[in-house]
file model10.cif (mmCIF, C-alpha atoms)
data_entry
#
loop_
_atom_site.label_atom_id
_atom_site.label_comp_id
_atom_site.auth_asym_id
_atom_site.auth_seq_id
_atom_site.Cartn_x
_atom_site.Cartn_y
_atom_site.Cartn_z
CA MET T 229 39.53 145.49 29.34
CA ARG T 230 37.02 143.16 30.91
CA SER T 231 39.52 140.27 31.06
CA SER T 232 42.07 142.44 32.84
CA GLY T 233 39.45 143.26 35.44
CA VAL T 234 38.76 139.57 36.02
CA LEU T 235 42.46 138.89 36.28
CA MET T 236 42.78 141.62 38.91
CA VAL T 237 39.93 140.16 40.95
CA VAL T 238 41.44 136.67 40.79
CA THR T 239 44.85 138.02 41.83
CA MET T 240 43.36 139.94 44.75
CA ALA T 241 41.42 136.86 45.86
CA ALA T 242 44.56 134.73 45.70
CA LEU T 243 46.53 137.28 47.70
CA LEU T 244 43.73 137.49 50.29
CA LEU T 245 43.63 133.70 50.54
CA PHE T 246 47.39 133.42 51.14
CA ALA T 247 47.38 136.34 53.59
CA THR T 248 44.62 134.86 55.75
CA ALA T 249 45.61 131.20 55.49
CA PRO T 250 46.84 129.69 58.78
CA PRO T 251 50.60 129.03 58.98
CA ALA T 252 51.60 125.60 57.70
CA PRO T 253 52.46 123.17 60.53
CA ALA T 254 56.13 122.17 60.96
CA ILE T 255 56.91 119.25 58.66
CA ASP T 256 56.75 115.87 60.36
CA LEU T 257 59.81 113.67 60.08
CA GLY T 258 57.82 110.50 59.38
CA ASP T 259 55.87 112.23 56.60
CA ALA T 260 59.05 113.75 55.17
CA ILE T 261 60.62 110.29 54.90
CA LYS T 262 57.54 108.83 53.21
CA VAL T 263 57.01 111.71 50.78
CA PHE T 264 60.48 112.99 50.00
CA GLY T 265 62.74 110.07 50.92
CA ILE T 266 65.75 109.49 53.14
CA GLY T 267 68.03 111.94 51.32
CA TYR T 268 65.68 114.83 52.06
CA ALA T 269 65.13 113.73 55.67
CA VAL T 270 68.88 113.59 56.28
CA ARG T 271 69.37 117.02 54.69
CA VAL T 272 66.63 118.64 56.79
CA PHE T 273 66.86 116.70 60.06
CA GLY T 274 70.51 115.57 59.93
CA SER T 275 71.85 118.15 62.35
CA GLN T 276 69.08 117.40 64.88
CA ILE T 277 69.73 113.65 64.64
CA ASN T 278 73.47 114.35 64.98
CA SER T 279 72.88 116.29 68.21
CA PHE T 280 70.63 113.49 69.47
CA VAL T 281 73.36 110.87 68.88
CA ASN T 282 76.02 113.06 70.52
CA THR T 283 73.79 113.53 73.57
CA LEU T 284 73.19 109.77 73.72
CA LEU T 285 76.96 109.17 73.72
CA ALA T 286 77.72 112.02 76.13
CA GLN T 287 75.28 110.57 78.68
CA ARG T 288 77.54 107.51 78.85
CA GLY T 289 80.75 109.59 78.74
CA VAL T 290 81.89 108.10 75.41
CA GLU T 291 81.40 111.01 73.02
CA TRP T 292 83.86 111.62 70.18
CA GLU T 293 86.55 114.30 70.53
CA GLY T 294 86.40 115.43 66.91
CA THR T 295 83.55 116.56 64.66
CA THR T 296 80.50 114.45 63.84
CA LYS T 297 78.00 114.58 60.99
CA VAL T 298 74.98 112.60 59.76
CA VAL T 299 75.06 111.52 56.11
CA PRO T 300 72.95 109.11 54.04
CA ILE T 301 73.97 105.48 53.52
CA ILE T 302 73.90 104.60 49.84
CA SER T 303 74.00 101.08 48.44
CA ILE T 304 77.02 100.54 46.23
CA GLY T 305 75.11 98.11 44.00
CA SER T 306 71.99 100.14 43.29
CA GLY T 307 72.82 103.69 44.33
CA THR T 308 69.67 103.88 46.45
CA TYR T 309 69.45 105.60 49.82
CA ILE T 310 68.99 102.89 52.46
CA GLY T 311 69.59 104.69 55.75
CA ALA T 312 71.88 107.14 57.44
CA ALA T 313 75.03 107.06 59.54
CA GLN T 314 76.90 109.35 61.84
CA VAL T 315 80.56 109.72 60.90
CA ALA T 316 83.24 111.17 63.16
CA GLY T 317 86.79 112.44 62.83
CA PRO T 318 88.86 115.59 62.36
CA PRO T 319 86.76 118.58 61.14
CA SER T 320 88.64 118.97 57.85
CA LEU T 321 88.01 115.32 56.91
CA VAL T 322 84.43 115.07 58.18
CA ASP T 323 83.54 118.16 56.11
CA ARG T 324 84.46 116.23 52.96
CA VAL T 325 82.14 113.28 53.71
CA ARG T 326 78.91 113.40 51.70
CA ALA T 327 77.70 109.83 52.18
CA VAL T 328 78.54 106.38 53.49
CA ALA T 329 78.73 103.74 50.78
CA GLN T 330 77.50 100.28 51.80
CA GLY T 331 78.66 97.08 50.19
CA GLU T 332 79.26 93.46 51.10
CA ILE T 333 82.50 92.54 52.84
CA ARG T 334 84.16 89.22 53.63
CA PHE T 335 86.89 89.19 56.25
CA GLY T 336 88.56 85.83 56.66
CA ASP T 337 86.17 82.88 56.84
CA ASP T 338 84.18 84.12 59.79
CA PHE T 339 83.00 87.57 58.92
CA ARG T 340 80.53 88.40 56.21
CA GLY T 341 78.79 91.70 56.65
CA LYS T 342 78.19 95.20 55.38
CA ALA T 343 81.19 97.45 54.74
CA LEU T 344 80.46 101.08 55.53
CA ILE T 345 82.77 103.44 53.68
CA PRO T 346 82.74 107.24 54.19
CA VAL T 347 82.97 108.84 50.72
CA SER T 348 83.01 112.35 49.29
CA THR T 349 80.23 111.87 46.76
CA THR T 350 76.63 110.66 46.69
CA ASN T 351 77.21 109.08 43.28
CA VAL T 352 78.66 105.78 44.45
CA LEU T 353 77.92 103.99 41.18
CA ARG T 354 80.95 105.67 39.61
CA GLY T 355 83.31 104.16 42.16
CA VAL T 356 84.07 104.40 45.83
CA ARG T 357 87.14 105.96 47.42
CA ARG T 358 87.31 105.93 51.21
CA ILE T 359 88.05 109.15 53.11
CA GLU T 360 90.77 107.91 55.44
CA GLY T 361 90.71 109.02 59.05
CA VAL T 362 86.92 109.16 59.33
CA GLY T 363 85.13 106.53 61.40
CA LEU T 364 81.58 105.34 61.74
CA SER T 365 79.97 106.32 65.01
CA ALA T 366 76.30 105.38 64.66
CA LEU T 367 73.79 103.71 62.36
CA ILE T 368 70.44 105.40 61.82
CA ASP T 369 67.37 103.49 60.60
CA PHE T 370 64.25 105.24 59.36
CA ARG T 371 60.85 103.75 60.03
CA VAL T 372 58.67 104.06 56.96
CA MET P 258 121.88 161.05 55.09
CA ARG P 259 125.37 159.70 55.81
CA ARG P 260 124.82 159.73 59.54
CA TYR P 261 122.09 157.08 59.11
CA ILE P 262 124.43 154.60 57.40
CA PRO P 263 125.99 153.21 60.65
CA LEU P 264 122.50 152.89 62.12
CA ALA P 265 121.29 150.91 59.10
CA VAL P 266 124.38 148.67 59.24
CA ALA P 267 123.85 147.99 62.96
CA LEU P 268 120.20 147.22 62.33
CA GLY P 269 121.13 144.81 59.54
CA ILE P 270 123.64 143.01 61.78
CA LEU P 271 121.03 142.71 64.52
CA LEU P 272 118.52 141.23 62.07
CA ILE P 273 121.09 138.69 60.85
CA ILE P 274 121.91 137.68 64.44
CA ALA P 275 118.20 137.40 65.28
CA ALA P 276 117.60 135.25 62.22
CA ALA P 277 120.48 133.00 63.19
CA TYR P 278 119.04 132.46 66.67
CA ALA P 279 115.39 132.24 65.66
CA LEU P 280 113.96 128.75 65.86
CA THR P 281 112.42 127.58 62.62
CA ALA P 282 109.75 124.99 63.19
CA ALA P 283 107.37 123.69 60.55
CA SER P 284 104.68 121.08 60.24
CA ARG P 285 103.34 118.74 57.60
CA ALA P 286 100.46 116.33 57.11
CA GLN P 287 101.40 112.76 56.31
CA GLN P 288 99.54 109.55 55.49
CA ILE P 289 101.01 106.67 57.46
CA GLY P 290 99.45 103.28 57.00
CA GLY P 291 96.30 104.94 55.71
CA VAL P 292 96.03 107.17 58.78
CA SER P 293 96.42 110.96 58.63
CA VAL P 294 99.06 112.24 61.03
CA GLY P 295 100.62 115.63 61.68
CA GLU P 296 104.37 115.99 62.05
CA VAL P 297 106.23 118.79 63.76
CA ILE P 298 109.61 119.48 62.16
CA VAL P 299 112.41 121.18 64.09
CA ASN P 300 115.93 121.42 62.66
CA ASP P 301 115.04 118.89 59.95
CA GLN P 302 113.94 116.32 62.52
CA VAL P 303 110.52 115.10 63.59
CA PRO P 304 110.33 115.34 67.38
CA LEU P 305 106.54 114.99 67.46
CA ARG P 306 104.20 112.91 65.37
CA ILE P 307 100.58 113.61 66.26
CA ARG P 308 98.06 110.92 65.36
CA TYR P 309 94.93 111.87 67.27
CA SER P 310 92.60 114.83 67.23
CA ALA P 311 92.01 116.92 70.33
CA GLY P 312 90.18 120.12 71.12
CA GLY P 313 88.41 120.00 67.77
CA LEU P 314 91.73 120.05 65.86
CA SER P 315 92.90 117.36 63.48
CA PRO P 316 96.40 115.86 63.91
CA ALA P 317 97.75 118.10 61.10
CA GLU P 318 96.15 121.18 62.65
CA ARG P 319 97.60 120.31 66.05
CA ALA P 320 101.07 119.90 64.53
CA SER P 321 100.69 123.25 62.76
CA THR P 322 99.71 124.91 66.04
CA VAL P 323 102.75 123.48 67.83
CA ALA P 324 105.07 124.71 65.05
CA ARG P 325 103.50 128.18 65.12
CA ARG P 326 103.88 128.38 68.90
CA LEU P 327 107.53 127.30 68.68
CA ASN P 328 108.25 129.99 66.11
CA GLN P 329 107.00 132.68 68.46
CA PHE P 330 110.04 132.26 70.68
CA GLU P 331 113.37 133.81 69.80
CA ASN P 332 116.49 132.06 70.91
CA LEU P 333 114.56 129.33 72.71
CA GLN P 334 116.88 127.22 74.85
CA PRO P 335 116.25 123.48 75.44
CA SER P 336 116.06 124.06 79.19
CA GLU P 337 113.18 126.48 78.64
CA ILE P 338 111.01 123.61 77.37
CA THR P 339 109.34 122.16 80.43
CA VAL P 340 106.38 120.09 81.60
CA GLY P 341 103.49 121.63 83.51
CA MET P 342 99.74 121.56 84.07
CA VAL P 343 97.40 123.54 81.82
CA ARG P 344 93.68 123.47 82.66
CA GLY P 345 94.12 120.27 84.62
CA GLN P 346 96.08 118.41 81.92
CA TRP P 347 99.78 117.70 81.62
CA ALA P 348 101.36 119.66 78.81
CA VAL P 349 104.68 120.67 77.29
CA LEU P 350 105.46 124.34 77.83
CA ALA P 351 107.94 126.80 76.36
CA ARG P 352 108.87 129.62 78.73
CA GLY P 353 105.73 128.74 80.65
CA ASP P 354 103.40 129.00 77.64
CA LEU P 355 101.49 126.01 76.23
CA LEU P 356 103.11 124.14 73.33
CA VAL P 357 101.13 120.90 73.25
CA THR P 358 98.78 119.07 75.60
CA ALA P 359 99.65 115.47 76.45
CA ASP P 360 96.26 113.97 75.65
CA PRO P 361 95.04 110.57 76.92
CA ALA P 362 94.74 109.06 73.41
CA HIS P 363 98.47 109.48 72.73
CA ALA P 364 99.34 108.40 76.26
CA ILE P 365 97.41 105.13 75.83
CA ALA P 366 98.99 104.56 72.41
CA ASN P 367 102.43 104.96 74.02
CA ASP P 368 101.58 102.70 76.96
CA THR P 369 102.25 105.52 79.39
CA THR P 370 100.49 108.14 81.46
CA THR P 371 99.81 111.67 80.25
CA TYR P 372 102.62 112.85 82.53
CA GLY P 373 105.02 110.30 81.05
CA LEU P 374 103.98 111.35 77.56
CA ALA P 375 104.57 115.02 78.38
CA LEU P 376 108.08 114.16 79.63
CA SER P 377 108.78 112.12 76.50
CA TRP P 378 107.59 114.90 74.19
CA ARG P 379 109.58 117.47 76.18
CA ASN P 380 112.77 115.42 75.80
CA GLN P 381 112.19 114.98 72.07
CA LEU P 382 111.62 118.71 71.59
CA ARG P 383 114.63 119.63 73.73
CA ALA P 384 116.89 117.39 71.67
CA ALA P 385 115.54 118.74 68.38
CA VAL P 386 115.91 122.38 69.49
CA ALA P 387 119.47 121.67 70.61
CA GLY P 388 120.17 120.18 67.20
CA GLN P 389 120.96 116.77 68.65
CA GLN P 390 120.12 113.60 66.79
CA ILE P 391 116.81 112.34 68.15
CA THR P 392 117.04 108.83 69.46
CA PRO P 393 114.10 106.64 68.52
CA PRO P 394 111.83 105.69 71.41
CA PRO P 395 112.29 102.22 72.85
CA ALA P 396 110.56 99.27 71.24
CA GLY P 397 106.93 99.04 72.22
CA ALA P 398 106.47 102.77 72.41
CA GLY P 399 103.53 104.08 70.48
CA PRO P 400 103.55 106.09 67.31
CA ALA P 401 103.30 109.53 68.89
CA ASP P 402 107.03 110.18 69.10
CA GLY P 403 109.68 110.18 66.43
CA LEU P 404 109.04 106.70 65.14
CA PRO P 405 109.87 105.99 61.52
CA ALA P 406 106.80 105.90 59.34
CA ALA P 407 107.26 102.23 58.50
CA ASN P 408 106.83 101.28 62.18
CA VAL P 409 103.24 102.55 62.38
CA ARG P 410 100.94 99.62 61.63
CA THR P 411 97.22 99.41 61.30
CA ALA P 412 95.04 96.41 62.04
CA GLN P 413 91.48 95.13 61.79
CA LYS P 414 89.59 92.84 64.12
CA VAL P 415 86.13 91.25 64.35
CA VAL P 416 84.43 91.72 67.72
CA PRO P 417 80.88 91.15 68.99
CA ILE P 418 78.38 93.99 69.14
CA LEU P 419 76.88 94.03 72.63
CA SER P 420 73.73 95.88 73.55
CA VAL P 421 74.40 98.24 76.44
CA GLY P 422 72.11 97.49 79.31
CA SER P 423 71.23 93.90 78.47
CA GLY P 424 74.68 92.76 77.40
CA LEU P 425 73.11 90.68 74.59
CA ARG P 426 75.15 89.91 71.50
CA VAL P 427 73.31 91.59 68.64
CA GLY P 428 75.84 91.20 65.86
CA ALA P 429 79.49 91.51 64.94
CA ALA P 430 81.61 94.47 63.90
CA LEU P 431 84.90 94.91 62.12
CA VAL P 432 86.96 97.59 63.87
CA ALA P 433 90.09 99.24 62.47
CA GLY P 434 92.85 101.50 63.78
CA SER P 435 96.47 101.35 64.87
CA SER P 436 97.66 97.87 65.85
CA SER P 437 98.26 98.78 69.48
CA GLN P 438 94.77 100.25 69.88
CA VAL P 439 92.86 97.61 67.94
CA GLY P 440 94.46 95.00 70.20
CA LYS P 441 92.68 96.58 73.16
CA VAL P 442 89.20 96.41 71.62
CA ASN P 443 87.16 93.49 72.95
CA ALA P 444 83.68 94.50 71.84
CA VAL P 445 81.57 97.20 70.30
CA ALA P 446 78.98 98.62 72.67
CA GLN P 447 75.67 99.48 71.04
CA LEU P 448 73.67 102.34 72.53
CA GLU P 449 70.12 102.63 71.26
CA GLY P 450 67.71 105.52 71.11
CA ASP P 451 64.60 106.70 69.27
CA PHE P 452 64.36 110.12 67.68
CA ARG P 453 60.78 111.38 67.19
CA ASP P 454 59.41 107.82 66.87
CA SER P 455 60.49 107.66 63.21
CA VAL P 456 64.21 107.19 63.60
CA ARG P 457 66.09 104.43 65.40
CA VAL P 458 69.66 105.26 66.37
CA ARG P 459 72.35 102.68 67.12
CA ALA P 460 75.57 104.31 68.34
CA LEU P 461 78.58 102.00 68.05
CA VAL P 462 81.44 102.44 70.51
CA PRO P 463 84.59 100.26 70.42
CA VAL P 464 85.28 99.34 74.06
CA ASP P 465 87.93 97.40 75.96
CA THR P 466 85.62 95.01 77.79
CA GLU P 467 82.74 92.65 77.07
CA ASN P 468 81.05 93.75 80.28
CA VAL P 469 78.96 96.62 78.93
CA ILE P 470 76.20 96.48 81.52
CA GLY P 471 78.02 98.91 83.80
CA SER P 472 80.18 101.79 82.65
CA ILE P 473 81.86 101.65 79.26
CA ARG P 474 85.16 103.14 78.10
CA ARG P 475 85.91 103.99 74.48
CA VAL P 476 89.18 102.77 72.96
CA PRO P 477 90.45 105.92 71.24
CA GLY P 478 91.88 105.76 67.74
CA THR P 479 89.59 102.94 66.60
CA ALA P 480 86.36 102.91 64.61
CA VAL P 481 83.82 100.51 63.18
CA ILE P 482 84.21 99.97 59.44
CA ALA P 483 81.75 97.11 58.87
CA VAL P 484 78.86 95.41 60.66
CA ALA P 485 77.06 92.09 60.47
CA ASP P 486 73.63 91.69 62.03
CA VAL P 487 72.35 88.56 63.68
CA ARG P 488 69.32 87.17 61.87
CA LEU P 489 66.55 86.16 64.29
#

call {"tool": "encode", "arguments": {"input": "model10.cif", "output": "structure tokens"}}
result
Amino acid sequence: MRSSGVLMVVTMAALLLFATAPPAPAIDLGDAIKVFGIGYAVRVFGSQINSFVNTLLAQRGVEWEGTTKVVPIISIGSGTYIGAAQVAGPPSLVDRVRAVAQGEIRFGDDFRGKALIPVSTTNVLRGVRRIEGVGLSALIDFRV
Amino acid sequence: MRRYIPLAVALGILLIIAAAYALTAASRAQQIGGVSVGEVIVNDQVPLRIRYSAGGLSPAERASTVARRLNQFENLQPSEITVGMVRGQWAVLARGDLLVTADPAHAIANDTTTYGLALSWRNQLRAAVAGQQITPPPAGAGPADGLPAANVRTAQKVVPILSVGSGLRVGAALVAGSSSQVGKVNAVAQLEGDFRDSVRVRALVPVDTENVIGSIRRVPGTAVIAVADVRL
């Protein structure tokens, strides 16, 4: 009987604490990247970054005609999230893109760089299959 | 009950006649050289092959829209397919209603103007509606019209990445697309911006000139597929 009374008091105190606590500040992007990682930052802030890139392009009159979307860049070798990219193309194809897989590419003797492949899965360790008809529009680096 | 029999017979005959005159257009999505295209099919021919998106619609969706619009007209005559302006753009019309807009991307791919493209598409549609054999476009024409699938080629090319504003070379990019369009790409313009101090954005735009200090113009139908940074 006595323990139930204590429990009630504790519950009431907890409720009072939550009810009077000031609202939590909006989550900061820099903190989100440090604490939760790039995948989380892209999921939460992706649409805002996408709008930012589209505005940047529109200011120069070179925006894409189709749909755009921001997705994480994942290393093909390790499967880690190493950045983000904006992809562009027809809505039905862009909807299918979940990530951009990054691997090394050699093109002739002159070009050695990073291939950026729009894919429909975030598990790139199992294999990579390009979604044809989707292009890369922007690279997004996160400052940690 | 018997007095309704002639009425039913007449109705049936009318339906058969209407079906005979009704235009049956269809569309299909195809993969040509790794690129998704939409084809409009009229009388078992392909008068239009749409390769580029416009108005938020993919090539396949655009082809489907054209087919649906064509099917709305009964007994459509070739002469009723015309060229006109819709919202400031040249377009192909059927009885004055929009069928398809002649967009700049297809016009560039066909080495013509949007007006020339609209005329070409109109002629292709007229011939298909009339049941005539469609003659292939002349050599050098782009892939928008009734070209055989094998004639559509894709290409890749390495070009410098130039920072817009300074014009500095900051890397190299591999661009891909149809052969005719990739041939026009001379550089990739890099536009930079910062989002909330924590994110650096580098927008990459395939352009037709290495002079990116002034205005830049995107080469439609091309995209960056790989990048190489310059190590400082």

call {"tool": "residues_around", "arguments": {"input": "model10.cif", "residues": "Ala433 of chain P", "least_positions_apart": "5", "cutoff": "10 Å", "atoms": "all atoms listed in the file", "output": "JSON, numbers by chain"}}
result
{"T": [363], "P": [411, 412, 413, 414, 415, 438, 439, 440, 442, 463, 478, 479, 480, 481, 482, 483]}

call {"tool": "atom_distance", "arguments": {"input": "model10.cif", "atom1": "atom CA of Leu448 of chain P", "atom2": "atom CA of Ala460 of chain P"}}
result
5.0 Å

call {"tool": "resolve_selection", "arguments": {"input": "model10.cif", "expression": "the PyMOL selection byres ((chain T) within 8 of (chain P))", "output": "NGL selection string"}}
result
:T and (257-258 or 277 or 280-281 or 284-285 or 288-290 or 293-295 or 317-320 or 333 or 339-345 or 360-361 or 363-372)

call {"tool": "atom_distance", "arguments": {"input": "model10.cif", "atom1": "atom CA of Ser284 of chain P", "atom2": "atom CA of Val325 of chain T"}}
result
24.7 Å

call {"tool": "resolve_selection", "arguments": {"input": "model10.cif", "expression": "the PyMOL selection byres ((chain T and resi 268) around 12)", "output": "JSON, numbers by chain"}}
result
{"T": [255, 257, 258, 259, 260, 261, 262, 263, 264, 265, 266, 267, 269, 270, 271, 272, 273, 274, 299, 300, 309, 311, 312]}

call {"tool": "resolve_selection", "arguments": {"input": "model10.cif", "expression": "the PyMOL selection byres ((chain T and resi 348) around 8)", "output": "number ranges by chain"}}
result
T: 324-327, 346-347, 349-350, 357-359

call {"tool": "atom_distance", "arguments": {"input": "model10.cif", "atom1": "atom CA of Thr339 of chain P", "atom2": "atom CA of Gly353 of chain P"}}
result
7.5 Å

call {"tool": "residues_around", "arguments": {"input": "model10.cif", "residues": "Pro335 of chain P", "least_positions_apart": "4", "cutoff": "12 Å", "atoms": "all atoms listed in the file", "output": "NGL selection string"}}
result
:P and (280 or 327 or 330 or 339 or 350-352 or 379-389)

call {"tool": "closest_residue", "arguments": {"input": "model10.cif", "among": "T:Val362, T:Val352, T:Ile310, T:Ala286", "to": "Asp323 of chain T", "atoms": "only C-alpha atoms"}}
result
T:Val362

call {"tool": "residues_near_point", "arguments": {"input": "model10.cif", "point": "(73.5, 99.6, 44.1)", "cutoff": "12 Å", "atoms": "all atoms listed in the file", "output": "VMD selection string"}}
result
chain T and resid 301 to 310 329 to 332 350 to 356

call {"tool": "closest_residue", "arguments": {"input": "model10.cif", "among": "P:Ile365, P:Val303, P:Ile289, P:Ile298", "to": "Ser437 of chain P", "atoms": "only C-alpha atoms"}}
result
P:Ile365
